[in-house]
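Visitor: Here it is: the structure, laid out below.
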Amino acid sequence: MGKEKVAIIGSGNWGTAIARIAGQNAAAHADVFEPRVPVWVFEEEFEGRKLTEIINETHVNKKYLPDVALPDNVVAVPDLADAVKDATALVFVVPHQFLDKALQGLEGKVRKDAKAITLIKGVSVEAGEISIFADVIEQRLGISTSALSGANIAQEVAKDTFSETTIGYRTRAEGELWKKLFQTPKFKVQIVEDVAGVSLGGALKNVVAVAAGFSDGLGYGSNSKAAIMRIGLLEMKRFSLEFFDNAKPDTFLQESSGVADLITSCLEGRNYKTAVEFAKQKKSFEELEKEMLGGQKLQGIHTAQDVYEFLDKRGRADDYPLFKRVYQICWEGLDVEKLTDGL
């Protein structure tokens, strides 16, 4: 059996942070992985030069993760098909808004014996049906797809501060392989047989983080935010168990992808920070995204919309009052000060 050939699909701050780890571990486990780790980078100009050229010459993604050095074996590739050529281990870490286009570019170009893992946080709602991205990738490309999620602020992971994450695997062997690719002494990986629970924890916590940001932006204090986090965790767990038969309740309380990710997302992170300013400045999320995120994309407001539309179609939106309030504030113009009404 040949060595695994890794390809990273996405190069934002989280994609770059995880490429750094994958590159280090591919080199360290040369008996398992090919050392070269290509990273698909959406080609764009930065400071008058192509971003791929900057990354390959300086080994730093100066736009999305400046001041963090990448290993020499991590190579930026502007063409998606070239990046995944002959790859057996695909790592998806694009913004969820861009996944469909990426999959269009990959259909028919991926090895049939390949496997994938998604680090994308969000859900897909099509024709009233909801899917986790691991299932979307698996169905579109025909390859087994696991999920990684946890309390993982990209800048902290890239600086080797202690962090944990959770991998939900399809098979134990795949879980162990992904763990070998990602675990370091400072980035601890737990593996569980719960792709749905890991995926949904990573998606739904962003909705709660928006609510926590609203609360802090309004100056409500620690009691209010703690209550929002508790209510949010219960809605996350209840939603997952109600609509995904294979989600496991323990994942939300015992794993980094559950309660730990919720905590860190409600303390900082892009969804929380923009929601704070939304409540303070009364600017639109579109304006705040452009002003604050440096090319990164918001997730929580779009997940709130997807989840609400799914619940509303089933007459269940009122049973998830926090999710509903976040949707109404973000998309229907409800006054942010009505956040806690009915909770």
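Going by the structure tokens order, chains are called A, B, ..., each with residues numbered from 1, while ligands are numbered from 1 in the order shown.
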Which residues come within 9 Å of segment 256-260 of chain A, counting only C-alpha atoms, excluding same-chain residues fewer than 5 positions away, as a ChimeraX atom specification?
Guide: /A:148-152,164-167,190,197-202,205,233,236-237,250-251,265
Visitor: Limited to N, CA and C atoms, could you put the picked residues into a file as an mmCIF file, in the first residue's frame?
Guide:
```cif
data_model
loop_
_atom_site.group_PDB
_atom_site.id
_atom_site.type_symbol
_atom_site.label_atom_id
_atom_site.label_comp_id
_atom_site.auth_asym_id
_atom_site.auth_seq_id
_atom_site.Cartn_x
_atom_site.Cartn_y
_atom_site.Cartn_z
ATOM 1 N N LEU A 148 -13.794 17.494 11.375
ATOM 2 C CA LEU A 148 -12.979 17.998 12.482
ATOM 3 C C LEU A 148 -13.548 19.326 12.940
ATOM 4 N N SER A 149 -13.711 19.462 14.247
ATOM 5 C CA SER A 149 -14.208 20.720 14.802
ATOM 6 C C SER A 149 -13.834 20.782 16.272
ATOM 7 N N GLY A 150 -13.669 22.000 16.769
ATOM 8 C CA GLY A 150 -13.345 22.161 18.179
ATOM 9 C C GLY A 150 -13.114 23.617 18.518
ATOM 10 N N ALA A 151 -12.664 23.838 19.748
ATOM 11 C CA ALA A 151 -12.353 25.193 20.210
ATOM 12 C C ALA A 151 -11.008 25.588 19.630
ATOM 13 N N ASN A 152 -11.037 26.048 18.387
ATOM 14 C CA ASN A 152 -9.811 26.205 17.601
ATOM 15 C C ASN A 152 -9.729 27.578 16.950
ATOM 16 N N GLU A 164 -7.464 21.826 21.950
ATOM 17 C CA GLU A 164 -8.026 20.504 21.679
ATOM 18 C C GLU A 164 -8.930 20.581 20.461
ATOM 19 N N THR A 165 -9.140 19.448 19.818
ATOM 20 C CA THR A 165 -10.123 19.362 18.754
ATOM 21 C C THR A 165 -10.732 17.970 18.743
ATOM 22 N N THR A 166 -11.803 17.818 17.982
ATOM 23 C CA THR A 166 -12.493 16.532 17.891
ATOM 24 C C THR A 166 -12.635 16.136 16.435
ATOM 25 N N ILE A 167 -12.351 14.879 16.134
ATOM 26 C CA ILE A 167 -12.600 14.320 14.809
ATOM 27 C C ILE A 167 -13.727 13.300 14.921
ATOM 28 N N GLN A 190 -9.060 14.274 19.819
ATOM 29 C CA GLN A 190 -9.893 13.158 20.248
ATOM 30 C C GLN A 190 -10.688 12.667 19.033
ATOM 31 N N GLY A 197 -22.621 14.744 15.023
ATOM 32 C CA GLY A 197 -22.516 15.547 16.234
ATOM 33 C C GLY A 197 -21.368 16.540 16.184
ATOM 34 N N VAL A 198 -20.212 16.096 15.685
ATOM 35 C CA VAL A 198 -19.061 16.990 15.568
ATOM 36 C C VAL A 198 -19.370 18.116 14.585
ATOM 37 N N SER A 199 -19.972 17.771 13.450
ATOM 38 C CA SER A 199 -20.294 18.770 12.427
ATOM 39 C C SER A 199 -21.304 19.785 12.934
ATOM 40 N N LEU A 200 -22.339 19.306 13.591
ATOM 41 C CA LEU A 200 -23.412 20.200 14.032
ATOM 42 C C LEU A 200 -22.978 21.079 15.189
ATOM 43 N N GLY A 201 -22.124 20.567 16.066
ATOM 44 C CA GLY A 201 -21.582 21.418 17.114
ATOM 45 C C GLY A 201 -20.837 22.600 16.524
ATOM 46 N N GLY A 202 -20.019 22.331 15.502
ATOM 47 C CA GLY A 202 -19.256 23.394 14.863
ATOM 48 C C GLY A 202 -20.101 24.380 14.104
ATOM 49 N N LYS A 205 -22.945 26.333 16.979
ATOM 50 C CA LYS A 205 -22.357 27.228 17.987
ATOM 51 C C LYS A 205 -22.156 28.625 17.431
ATOM 52 N N LEU A 233 -26.663 25.959 24.049
ATOM 53 C CA LEU A 233 -26.152 24.586 24.054
ATOM 54 C C LEU A 233 -27.293 23.580 24.035
ATOM 55 N N MET A 236 -28.734 23.518 20.549
ATOM 56 C CA MET A 236 -27.812 22.801 19.664
ATOM 57 C C MET A 236 -27.996 21.293 19.802
ATOM 58 N N LYS A 237 -27.993 20.842 21.031
ATOM 59 C CA LYS A 237 -28.110 19.406 21.299
ATOM 60 C C LYS A 237 -29.470 18.874 20.865
ATOM 61 N N ASP A 250 -23.537 12.749 24.050
ATOM 62 C CA ASP A 250 -22.302 12.986 24.793
ATOM 63 C C ASP A 250 -21.337 13.908 24.054
ATOM 64 N N THR A 251 -21.409 13.929 22.723
ATOM 65 C CA THR A 251 -20.494 14.768 21.944
ATOM 66 C C THR A 251 -20.617 16.236 22.334
ATOM 67 N N SER A 265 -16.133 30.386 21.222
ATOM 68 C CA SER A 265 -16.792 31.182 20.182
ATOM 69 C C SER A 265 -17.611 32.318 20.765
#
```
Visitor: Please provide the set of residues having any atom within 12 Å of Leu119 of chain A, restricted to only C-alpha atoms, with same-chain residues fewer than 5 positions apart removed, written as a count of residues only.
Guide: 44
Visitor: Considering only C-alpha atoms, state which residue in the set A:Gln24, A:Asn73, A:Asn271, A:Ser124 is at the smallest distance from Gln183 of chain A.
Guide: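 Of A:Gln24, A:Asn73, A:Asn271, A:Ser124, the one nearest Gln183 of chain A, counting only C-alpha atoms, is A:Gln24.
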Visitor: Using only C-alpha atoms, which protein or nucleic acid residues come within 10 Å of segment 226-231 of chain A? Drop anything in the same chain fewer than 2 positions from it, and give the result as a ChimeraX atom specification.
Guide: /A:205,208-209,211-212,215,221-224,233-236,259,262-263,266,320-323,339-340,343
Visitor: Out of segment 24-146 of chain A, which residues get strand (DSSP E) from DSSP, as a count of residues only?
Guide: 31
Visitor: Between A:Leu311, A:Val207, A:Leu65, A:Leu141, which residue has the minimum interatomic distance to Gln296 of chain A, considering only C-alpha atoms?
Guide: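 Of A:Leu311, A:Val207, A:Leu65, A:Leu141, the one nearest Gln296 of chain A, counting only C-alpha atoms, is A:Leu65.
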Visitor: So the first atom is atom CA of Phe214 of chain A and the second is atom CA of Ile153 of chain A; what is the distance between them in Å, to one decimal place?
Guide: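 These atoms are spaced 20.0 Å apart.
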Visitor: Point out the residue among A:Glu107, A:Glu34, A:Glu44, A:Glu126 with the least atom-to-atom distance to Glu138 of chain A, counting only C-alpha atoms.
Guide: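 The closest residue to Glu138 of chain A is A:Glu107.
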Visitor: If we count only C-alpha atoms, what is near Glu287 of chain A at a cut-off of 12 Å, once residues fewer than 4 positions away on the same chain are taken out, given as a list in words?
Guide: Thr274, Ala275, Glu277, Phe278, Gln281, Lys282, Lys283, Glu291, Met292, Leu293, Gly294, Lys297 and Leu298 of chain A
Visitor: Include C-alpha atoms and write out the residues we just selected as a PDB file, in the first residue's frame.
Guide:
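Saved file part_20.pdb follows:
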```pdb
ATOM      1  CA  THR A 274     -19.090  41.352  14.489  1.00  0.00           C
ATOM      2  CA  ALA A 275     -22.270  40.768  16.478  1.00  0.00           C
ATOM      3  CA  GLU A 277     -20.375  45.799  16.808  1.00  0.00           C
ATOM      4  CA  PHE A 278     -23.737  45.183  15.149  1.00  0.00           C
ATOM      5  CA  GLN A 281     -22.992  50.572  15.836  1.00  0.00           C
ATOM      6  CA  LYS A 282     -26.249  49.511  14.134  1.00  0.00           C
ATOM      7  CA  LYS A 283     -24.316  48.846  10.909  1.00  0.00           C
ATOM      8  CA  GLU A 291     -14.531  46.467   7.757  1.00  0.00           C
ATOM      9  CA  MET A 292     -13.501  43.873  10.314  1.00  0.00           C
ATOM     10  CA  LEU A 293     -12.672  40.523   8.739  1.00  0.00           C
ATOM     11  CA  GLY A 294      -9.965  41.207   6.172  1.00  0.00           C
ATOM     12  CA  LYS A 297     -16.451  35.359   5.837  1.00  0.00           C
ATOM     13  CA  LEU A 298     -19.136  35.266   8.507  1.00  0.00           C
TER      14      LEU A 298
END
```
Visitor: Looking only at alpha helix (DSSP H) from DSSP on the backbone, list the matching residues of segment 81-225 of chain A as a ChimeraX atom specification.
Guide: /A:81-84,99-106,133-141,154-158,172-182,195-217,222-225
Visitor: Mind dumping a table of every segment 82-177 of chain A residue within 8 Å of segment 300-306 of chain A, with the nearest atom pair and its distance in Å to one decimal, using only C-alpha atoms, sorted by chain and rising number, as a tab-separated table?
Guide:
```
residue	atom	partner	partner_atom	distance
A:Gly122	CA	A:Thr303	CA	5.8
A:Val123	CA	A:Thr303	CA	6.5
A:Ser124	CA	A:Asp306	CA	7.2
A:Val125	CA	A:Asp306	CA	5.9
```
Visitor: Considering only C-alpha atoms, can you say which of A:Asp100, A:Asp194, A:Glu289, A:Glu309 comes closest to Tyr272 of chain A?
Guide: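 Using only C-alpha atoms, the shortest distance to Tyr272 of chain A belongs to A:Glu289.
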Visitor: Between atom CA of Thr52 of chain A and atom CA of Pro78 of chain A, what is the spacing in Å?
Guide: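 Atom-to-atom, atom CA of Pro78 of chain A and atom CA of Thr52 of chain A are spaced 6.6 Å apart.
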